[in-house]
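**Student:** Got upload-v1.txt for you, compact mmCIF, C-alpha atoms:
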# COMPACT_ATOMS: atom_id res chain seq x y z
CA MET A 1 0.00 0.00 0.00
CA ASP A 2 1.18 3.54 -0.80
CA SER A 3 1.67 6.49 1.57
CA LEU A 4 -2.07 6.87 2.00
CA GLY A 5 -1.99 4.69 5.11
CA PHE A 6 -4.27 1.90 6.26
CA CYS A 7 -7.81 2.29 4.90
CA THR A 8 -10.99 0.49 5.88
CA ALA A 9 -14.19 0.46 3.84
CA ILE A 10 -17.47 0.17 5.72
CA ILE A 11 -20.34 -1.13 3.59
CA THR A 12 -23.73 -0.60 5.22
CA ALA A 13 -26.19 -3.32 4.22
CA ALA A 14 -28.25 -3.90 7.36
CA GLY A 15 -31.45 -2.24 6.15
CA SER A 16 -34.76 -4.07 5.90
CA GLY A 17 -35.51 -2.65 2.46
CA THR A 18 -39.20 -1.96 3.12
CA ARG A 19 -39.46 0.61 0.31
CA LEU A 20 -38.62 -2.09 -2.26
CA PRO A 21 -41.11 -4.87 -1.50
CA GLY A 22 -40.39 -8.47 -2.37
CA LEU A 23 -39.24 -11.77 -0.95
CA LEU A 24 -35.59 -10.61 -0.86
CA LYS A 25 -34.22 -7.55 0.91
CA LYS A 26 -33.10 -5.02 -1.68
CA GLN A 27 -29.38 -5.49 -1.03
CA TYR A 28 -29.76 -9.12 -2.12
CA ARG A 29 -31.89 -8.42 -5.18
CA GLU A 30 -30.11 -9.00 -8.48
CA LEU A 31 -29.02 -6.52 -11.13
CA GLY A 32 -27.93 -8.21 -14.32
CA GLY A 33 -27.77 -11.53 -12.47
CA ILE A 34 -25.55 -10.20 -9.66
CA PRO A 35 -26.77 -9.16 -6.19
CA ILE A 36 -26.80 -5.40 -5.63
CA LEU A 37 -24.66 -5.81 -2.52
CA ILE A 38 -21.97 -7.70 -4.45
CA ARG A 39 -21.88 -4.96 -7.09
CA SER A 40 -21.55 -2.38 -4.30
CA ILE A 41 -18.71 -4.26 -2.60
CA GLU A 42 -16.70 -5.13 -5.73
CA PRO A 43 -14.97 -1.74 -6.28
CA PHE A 44 -13.64 -1.82 -2.71
CA ILE A 45 -12.49 -5.43 -3.01
CA THR A 46 -10.47 -4.58 -6.11
CA SER A 47 -9.27 -1.10 -5.12
CA GLU A 48 -5.61 -0.79 -4.20
CA LYS A 49 -6.62 2.03 -1.83
CA ILE A 50 -8.61 -0.29 0.46
CA ASP A 51 -6.86 -2.62 2.92
CA ASN A 52 -9.83 -4.00 4.82
CA LEU A 53 -13.62 -4.21 4.60
CA ILE A 54 -16.37 -4.31 7.21
CA ILE A 55 -19.86 -5.17 5.97
CA THR A 56 -22.87 -4.60 8.20
CA ALA A 57 -25.78 -6.94 7.53
CA PRO A 58 -29.11 -7.89 9.12
CA GLU A 59 -28.47 -10.20 12.05
CA ASP A 60 -30.48 -13.02 10.49
CA ASP A 61 -28.59 -12.69 7.19
CA LEU A 62 -24.98 -12.83 8.40
CA GLU A 63 -24.35 -16.35 7.09
CA HIS A 64 -26.10 -15.56 3.81
CA THR A 65 -23.99 -12.43 3.34
CA GLU A 66 -20.76 -14.29 4.07
CA ALA A 67 -21.78 -17.04 1.65
CA LEU A 68 -22.44 -14.52 -1.12
CA ILE A 69 -19.06 -12.86 -0.62
CA GLY A 70 -17.38 -16.27 -0.69
CA GLN A 71 -19.26 -17.19 -3.85
CA TYR A 72 -18.44 -14.06 -5.84
CA PHE A 73 -14.98 -13.35 -4.41
CA GLU A 74 -13.68 -16.86 -3.81
CA ASP A 75 -10.09 -15.75 -4.43
CA ILE A 76 -10.31 -12.73 -2.14
CA ASP A 77 -7.05 -12.07 -0.31
CA LYS A 78 -8.24 -8.86 1.39
CA PRO A 79 -9.41 -9.19 5.01
CA TYR A 80 -13.09 -8.53 5.61
CA LEU A 81 -15.58 -8.86 8.43
CA VAL A 82 -19.36 -9.23 8.35
CA ILE A 83 -21.04 -7.87 11.47
CA PRO A 84 -24.67 -7.35 12.52
CA GLY A 85 -26.01 -3.86 11.95
CA GLY A 86 -27.81 -1.71 14.46
CA MET A 87 -31.31 -0.33 14.70
CA GLU A 88 -30.46 2.63 12.45
CA ARG A 89 -27.78 3.22 9.82
CA GLN A 90 -25.90 5.47 12.24
CA ASP A 91 -25.78 2.62 14.77
CA SER A 92 -24.45 0.27 12.10
CA VAL A 93 -21.66 2.63 11.09
CA PHE A 94 -20.73 3.30 14.71
CA GLY A 95 -20.47 -0.44 15.35
CA ALA A 96 -18.28 -0.83 12.27
CA LEU A 97 -16.05 2.07 13.34
CA GLN A 98 -15.47 0.32 16.64
CA SER A 99 -14.56 -2.86 14.74
CA CYS A 100 -11.94 -1.19 12.52
CA PRO A 101 -8.44 -2.64 12.87
CA GLU A 102 -5.97 -0.75 14.99
CA GLY A 103 -3.99 1.61 12.82
CA THR A 104 -6.86 2.52 10.48
CA GLN A 105 -6.12 6.04 9.25
CA PHE A 106 -8.91 6.60 6.76
CA VAL A 107 -12.37 5.14 6.41
CA ALA A 108 -14.80 5.07 3.49
CA VAL A 109 -18.48 4.63 4.37
CA HIS A 110 -20.63 3.32 1.53
CA ASP A 111 -24.25 2.29 1.06
CA GLY A 112 -24.60 -1.39 0.23
CA VAL A 113 -27.25 -0.52 -2.36
CA ARG A 114 -25.12 1.87 -4.45
CA PRO A 115 -23.80 -0.51 -7.10
CA PHE A 116 -22.08 1.87 -9.53
CA VAL A 117 -18.98 3.24 -7.83
CA SER A 118 -15.97 3.57 -10.13
CA GLN A 119 -12.30 3.09 -9.36
CA GLU A 120 -11.74 6.61 -10.68
CA LEU A 121 -14.08 8.01 -8.02
CA LEU A 122 -12.30 6.09 -5.26
CA ASP A 123 -8.93 7.34 -6.47
CA GLU A 124 -10.12 10.96 -6.50
CA LEU A 125 -11.73 10.73 -3.07
CA PHE A 126 -8.68 9.19 -1.44
CA SER A 127 -6.39 11.66 -3.12
CA LEU A 128 -8.40 14.55 -1.66
CA VAL A 129 -8.95 13.08 1.81
CA GLN A 130 -5.25 13.12 2.62
CA ARG A 131 -5.42 16.91 2.52
CA GLU A 132 -9.06 17.65 3.35
CA LYS A 133 -9.77 14.94 5.99
CA ALA A 134 -13.45 14.74 4.97
CA VAL A 135 -14.64 14.33 1.36
CA ILE A 136 -18.03 13.44 -0.12
CA PRO A 137 -19.11 12.79 -3.73
CA ALA A 138 -21.88 15.02 -5.02
CA ALA A 139 -23.77 16.30 -8.04
CA LYS A 140 -25.49 19.58 -8.83
CA LEU A 141 -29.28 19.77 -8.69
CA LYS A 142 -31.19 20.04 -11.96
CA HIS A 143 -34.74 20.48 -10.69
CA THR A 144 -36.35 23.48 -9.07
CA ILE A 145 -36.51 22.97 -5.31
CA LYS A 146 -39.34 24.41 -3.22
CA HIS A 147 -40.11 24.72 0.47
CA VAL A 148 -43.60 23.48 1.34
CA ASP A 149 -46.09 24.24 4.09
CA GLY A 150 -48.77 21.59 4.29
CA ASP A 151 -50.20 21.07 0.80
CA TYR A 152 -48.69 24.26 -0.63
CA ALA A 153 -45.37 25.25 -2.18
CA VAL A 154 -44.48 28.53 -0.47
CA GLN A 155 -40.91 29.34 -1.46
CA THR A 156 -38.44 28.50 -4.21
CA ILE A 157 -35.00 27.68 -2.85
CA PRO A 158 -32.06 28.87 -4.99
CA ARG A 159 -30.31 25.72 -6.14
CA GLN A 160 -26.99 27.36 -6.98
CA GLN A 161 -25.81 26.68 -3.43
CA LEU A 162 -27.34 23.21 -3.16
CA ILE A 163 -25.94 19.78 -4.05
CA GLN A 164 -27.13 16.21 -3.74
CA VAL A 165 -24.63 13.90 -2.08
CA PHE A 166 -23.73 10.25 -2.49
CA THR A 167 -21.42 7.66 -0.98
CA PRO A 168 -18.71 6.57 -0.42
CA GLN A 169 -17.99 9.37 2.01
CA VAL A 170 -14.33 9.29 3.02
CA PHE A 171 -12.87 10.61 6.26
CA SER A 172 -9.97 10.62 8.62
CA TYR A 173 -10.83 7.71 10.90
CA GLU A 174 -10.11 9.65 14.08
CA LEU A 175 -12.15 12.64 12.89
CA LEU A 176 -15.21 10.53 12.06
CA LEU A 177 -15.03 8.43 15.22
CA ASN A 178 -14.87 11.55 17.38
CA ALA A 179 -17.84 13.04 15.47
CA TYR A 180 -19.82 9.88 16.19
CA LEU A 181 -18.95 10.00 19.88
CA GLU A 182 -20.02 13.66 20.02
CA ALA A 183 -23.27 12.87 18.18
CA TYR A 184 -24.22 10.09 20.58
CA ALA A 185 -23.37 12.26 23.58
CA ALA A 186 -25.71 14.96 22.23
CA GLY A 187 -28.44 12.57 21.08
CA PHE A 188 -27.98 13.76 17.50
CA THR A 189 -28.96 11.61 14.50
CA GLY A 190 -27.78 12.67 11.05
CA THR A 191 -28.96 11.65 7.61
CA ASP A 192 -25.41 10.95 6.48
CA ASP A 193 -21.97 10.70 8.05
CA ALA A 194 -20.86 14.15 6.90
CA SER A 195 -23.70 15.77 8.86
CA LEU A 196 -22.08 14.62 12.11
CA LEU A 197 -18.95 16.59 11.23
CA GLU A 198 -20.91 19.60 9.99
CA ARG A 199 -22.65 20.02 13.36
CA LEU A 200 -19.20 20.40 14.92
CA GLY A 201 -18.21 23.11 12.46
CA ILE A 202 -15.84 20.85 10.53
CA LYS A 203 -15.63 21.66 6.84
CA VAL A 204 -16.49 18.81 4.47
CA ARG A 205 -15.07 19.00 0.94
CA TYR A 206 -17.38 17.92 -1.86
CA LEU A 207 -16.31 16.39 -5.15
CA LEU A 208 -18.58 16.70 -8.18
CA SER A 209 -19.02 13.23 -9.60
CA SER A 210 -21.26 11.01 -11.72
CA GLU A 211 -25.02 11.14 -11.20
CA PHE A 212 -25.09 7.44 -12.10
CA ASN A 213 -23.95 6.68 -8.54
CA LEU A 214 -27.56 6.02 -7.63
CA LYS A 215 -28.98 4.39 -4.53
CA VAL A 216 -31.46 1.57 -5.13
CA THR A 217 -34.26 2.51 -2.76
CA ASP A 218 -37.50 1.72 -4.62
CA GLU A 219 -38.86 0.18 -7.83
CA ALA A 220 -38.02 3.25 -9.90
CA ASP A 221 -34.37 3.11 -8.80
CA LEU A 222 -34.21 -0.59 -9.59
CA PHE A 223 -35.61 0.10 -13.06
CA PHE A 224 -33.09 2.86 -13.79
CA ALA A 225 -30.22 0.75 -12.46
CA SER A 226 -31.27 -2.13 -14.72
CA GLN A 227 -31.39 0.23 -17.70
CA LEU A 228 -27.86 1.46 -17.01
CA ILE A 229 -26.61 -2.12 -17.07
CA ASN A 230 -28.67 -3.16 -20.10
CA LYS A 231 -27.43 -0.19 -22.12
CA ASN A 232 -23.82 -0.62 -20.96
CA MET A 233 -23.79 2.91 -19.57
CA ILE A 234 -21.73 2.07 -16.49
The structure given in the file should be rewritten as C-alpha cells.
**Tutor:**
Amino acid sequence: MDSLGFCTAIITAAGSGTRLPGLLKKQYRELGGIPILIRSIEPFITSEKIDNLIITAPEDDLEHTEALIGQYFEDIDKPYLVIPGGMERQDSVFGALQSCPEGTQFVAVHDGVRPFVSQELLDELFSLVQREKAVIPAAKLKHTIKHVDGDYAVQTIPRQQLIQVFTPQVFSYELLLNAYLEAYAAGFTGTDDASLLERLGIKVRYLLSSEFNLKVTDEADLFFASQLINKNMI
C-alpha cells in the first residue's frame, strides 16, 4: 500500500428494504444476475486504496452475506468482516467504526445498495482526503426545489448553493469516530456521516461526480439501475 496509510471500507447493508417490497431484501436483489450488494462491494475489493472491509448486515442474514461474498470473491485475499447492523444506519456505522483494525487512518463509508462506484471516483476521493480529511461525492441539482407548508409550495429555494450527495464518504478515521462520539453524547442523528462533522463546524469537501452513482431505494431506482446495465452505460 502507498503512503495513503491503512484504509478500511465500511459497507452498510443492514437495512430491511421496506421501500422495495419483495421476498428478498433489496441489497440481495439481483441486477444483471448479480446481487446489488456484491456490485456495491466489488470496487472496494479490487481497489488498491482499500486494505480492509467491514460489511454490516441484518443479524439473520450474516451467514447468507458471508456465503455470497465467498461465492463471488472466492479468491479474495483482502481481510473482511461481516457484522450485525444496528437499529439505524448510524448505529451500524458506529459499530463498524469500533470494529476497525488498529492503525486505520482513513475510512470510506458506503451504502450497500449503491452498485455503480468507479475506481476513478475512489482514487479521486482518497487523493483529496489526505489533505481535506473529509470528502463526499456530489452532483449539482437540476430540478427546481421548493419549500412546502402543508399542501402548498411557499418558497423557491435557490439551487446554486445546493448539491445532492452520495457515498462513499471518506474521512480521517479519528475525525469521524470523534464526530460519532459527540453525536451520541448529544443525542444527534444525522442523515449521512458528513452531517455529524458539519454540526461540529468541521468543513467537508465535496467532489462533483457522476449522477449514475444512484442508490437503489425503490422500484423506480431498480428500473433505472437495470437500464444502465442493459445499455452498458456504467
**Student:** Tell me, as a list of chain:residue names, which residues lie within 12 Å of Glu182 of chain A, counting only C-alpha atoms; anything in the same chain fewer than 2 positions away does not count.
**Tutor:**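 In the requested form, the answer reads A:Phe94, A:Leu175, A:Leu176, A:Leu177, A:Asn178, A:Ala179, A:Tyr180, A:Tyr184, A:Ala185, A:Ala186, A:Gly187, A:Phe188, A:Thr189, A:Gly190, A:Ser195, A:Leu196, A:Leu197, A:Glu198, A:Arg199, A:Leu200.
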**Student:** Given all atoms listed in the file as the basis, pick out the residue of A:Ile202, A:Leu162, A:Ala153, A:Ala183 nearest to Ala134 of chain A.
**Tutor:**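 Smallest separation from Ala134 of chain A among the options: A:Ile202.
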**Student:** Please measure the separation of atom CA of Pro137 of chain A and atom CA of Lys78 of chain A, giving the value in Å to one decimal.
**Tutor:** 24.8 Å
**Student:** Counting only C-alpha atoms, find the residues whose atoms lie at most 12 Å from (-28.5, -2.8, -15.8) (file coordinates) and write them out as a PyMOL selection string.
**Tutor:** chain A and resi 30-36+39+115-116+212+216+221-234
**Student:** Could you pull the residues within 12 Å of Tyr206 of chain A, counting only C-alpha atoms, minus those fewer than 6 positions along the same chain, as a compact mmCIF listing (two decimals) with C-alpha atoms, keeping the file's coordinate frame?
**Tutor:**
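Done, and the output landed in around-v6.txt:
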# COMPACT_ATOMS: atom_id res chain seq x y z
CA GLU A 124 -10.12 10.96 -6.50
CA LEU A 125 -11.73 10.73 -3.07
CA LEU A 128 -8.40 14.55 -1.66
CA VAL A 129 -8.95 13.08 1.81
CA GLU A 132 -9.06 17.65 3.35
CA LYS A 133 -9.77 14.94 5.99
CA ALA A 134 -13.45 14.74 4.97
CA VAL A 135 -14.64 14.33 1.36
CA ILE A 136 -18.03 13.44 -0.12
CA PRO A 137 -19.11 12.79 -3.73
CA ALA A 138 -21.88 15.02 -5.02
CA ALA A 139 -23.77 16.30 -8.04
CA LYS A 140 -25.49 19.58 -8.83
CA LEU A 162 -27.34 23.21 -3.16
CA ILE A 163 -25.94 19.78 -4.05
CA GLN A 164 -27.13 16.21 -3.74
CA VAL A 165 -24.63 13.90 -2.08
CA PHE A 166 -23.73 10.25 -2.49
CA THR A 167 -21.42 7.66 -0.98
CA PRO A 168 -18.71 6.57 -0.42
CA GLN A 169 -17.99 9.37 2.01
CA VAL A 170 -14.33 9.29 3.02
CA PHE A 171 -12.87 10.61 6.26
CA ALA A 194 -20.86 14.15 6.90
**Student:** When you count only C-alpha atoms, which of these residues is closest to Thr46 of chain A: A:Asp193, A:Asp75, A:Asp151, A:Glu174?
**Tutor:**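 Ranked by minimum distance to Thr46 of chain A, first place goes to A:Asp75.
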**Student:** Go through A:Asp111, A:Gly22, A:Pro158, A:Leu81 one by one, measure the shortest atom-to-atom distance of each to Asp218 of chain A using only C-alpha atoms, and give the residue with the smallest value.
**Tutor:**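 Using only C-alpha atoms, the shortest distance to Asp218 of chain A belongs to A:Gly22.
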**Student:** So which one's closest to Leu122 of chain A, A:Ile83, A:Val109, A:Leu20, A:Ile69? Using all atoms listed in the file, please.
**Tutor:** A:Val109
**Student:** Pick out the closest residue to Leu62 of chain A from this set: A:Gly95, A:Pro84, A:Gly201, A:Gly150. Count all atoms listed in the file.
**Tutor:**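 Of the candidates, the smallest distance to Leu62 of chain A is held by A:Pro84.
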**Student:** Just give me the gap between atom CA of Thr144 of chain A and atom CA of Arg114 of chain A in Å, one decimal is fine.
**Tutor:**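 Separation of atom CA of Thr144 of chain A and atom CA of Arg114 of chain A: 24.8 Å.
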**Student:** Please identify all polymer residues within 10 Å of Asp123 of chain A, counting all atoms listed in the file, omitting same-chain residues fewer than 3 positions from it, and present them as a PyMOL selection string.
**Tutor:** chain A and resi 47-49+118-120+126-128
**Student:** So how far away is atom CA of Gln71 of chain A from atom CA of Leu214 of chain A, in Å?
**Tutor:**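 Separation of atom CA of Leu214 of chain A and atom CA of Gln71 of chain A: 24.9 Å.
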**Student:** Closest to Gly5 of chain A among A:Glu102, A:Glu59, A:Glu88, A:Glu211, using all atoms listed in the file?
**Tutor:**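 Among A:Glu102, A:Glu59, A:Glu88, A:Glu211, it is A:Glu102 that comes nearest to Gly5 of chain A.
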**Student:** Just the residues within 12 Å of Thr56 of chain A, please, counting all atoms listed in the file, with nothing from its chain fewer than 6 positions along; format it as a compact mmCIF listing (two decimals) with C-alpha atoms, keeping the file's coordinate frame.
**Tutor:**
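Everything below was put into result.txt:
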# COMPACT_ATOMS: atom_id res chain seq x y z
CA ALA A 9 -14.19 0.46 3.84
CA ILE A 10 -17.47 0.17 5.72
CA ILE A 11 -20.34 -1.13 3.59
CA THR A 12 -23.73 -0.60 5.22
CA ALA A 13 -26.19 -3.32 4.22
CA ALA A 14 -28.25 -3.90 7.36
CA GLY A 15 -31.45 -2.24 6.15
CA GLN A 27 -29.38 -5.49 -1.03
CA LEU A 37 -24.66 -5.81 -2.52
CA ILE A 41 -18.71 -4.26 -2.60
CA LEU A 62 -24.98 -12.83 8.40
CA GLU A 63 -24.35 -16.35 7.09
CA THR A 65 -23.99 -12.43 3.34
CA GLU A 66 -20.76 -14.29 4.07
CA TYR A 80 -13.09 -8.53 5.61
CA LEU A 81 -15.58 -8.86 8.43
CA VAL A 82 -19.36 -9.23 8.35
CA ILE A 83 -21.04 -7.87 11.47
CA PRO A 84 -24.67 -7.35 12.52
CA GLY A 85 -26.01 -3.86 11.95
CA GLY A 86 -27.81 -1.71 14.46
CA MET A 87 -31.31 -0.33 14.70
CA GLU A 88 -30.46 2.63 12.45
CA ARG A 89 -27.78 3.22 9.82
CA GLN A 90 -25.90 5.47 12.24
CA ASP A 91 -25.78 2.62 14.77
CA SER A 92 -24.45 0.27 12.10
CA VAL A 93 -21.66 2.63 11.09
CA PHE A 94 -20.73 3.30 14.71
CA GLY A 95 -20.47 -0.44 15.35
CA ALA A 96 -18.28 -0.83 12.27
CA LEU A 97 -16.05 2.07 13.34
CA SER A 99 -14.56 -2.86 14.74
CA VAL A 109 -18.48 4.63 4.37
CA HIS A 110 -20.63 3.32 1.53
CA ASP A 111 -24.25 2.29 1.06
CA GLY A 112 -24.60 -1.39 0.23
**Student:** Draw an axis-aligned box over all listed atoms of segment 187-205 of chain A, pad each side with 8 Å, and write its centre and edge lengths in Å, one decimal, as JSON.
**Tutor:**
{"center_x": -22.0, "center_y": 16.9, "center_z": 11.0, "size_x": 29.9, "size_y": 28.4, "size_z": 36.1}
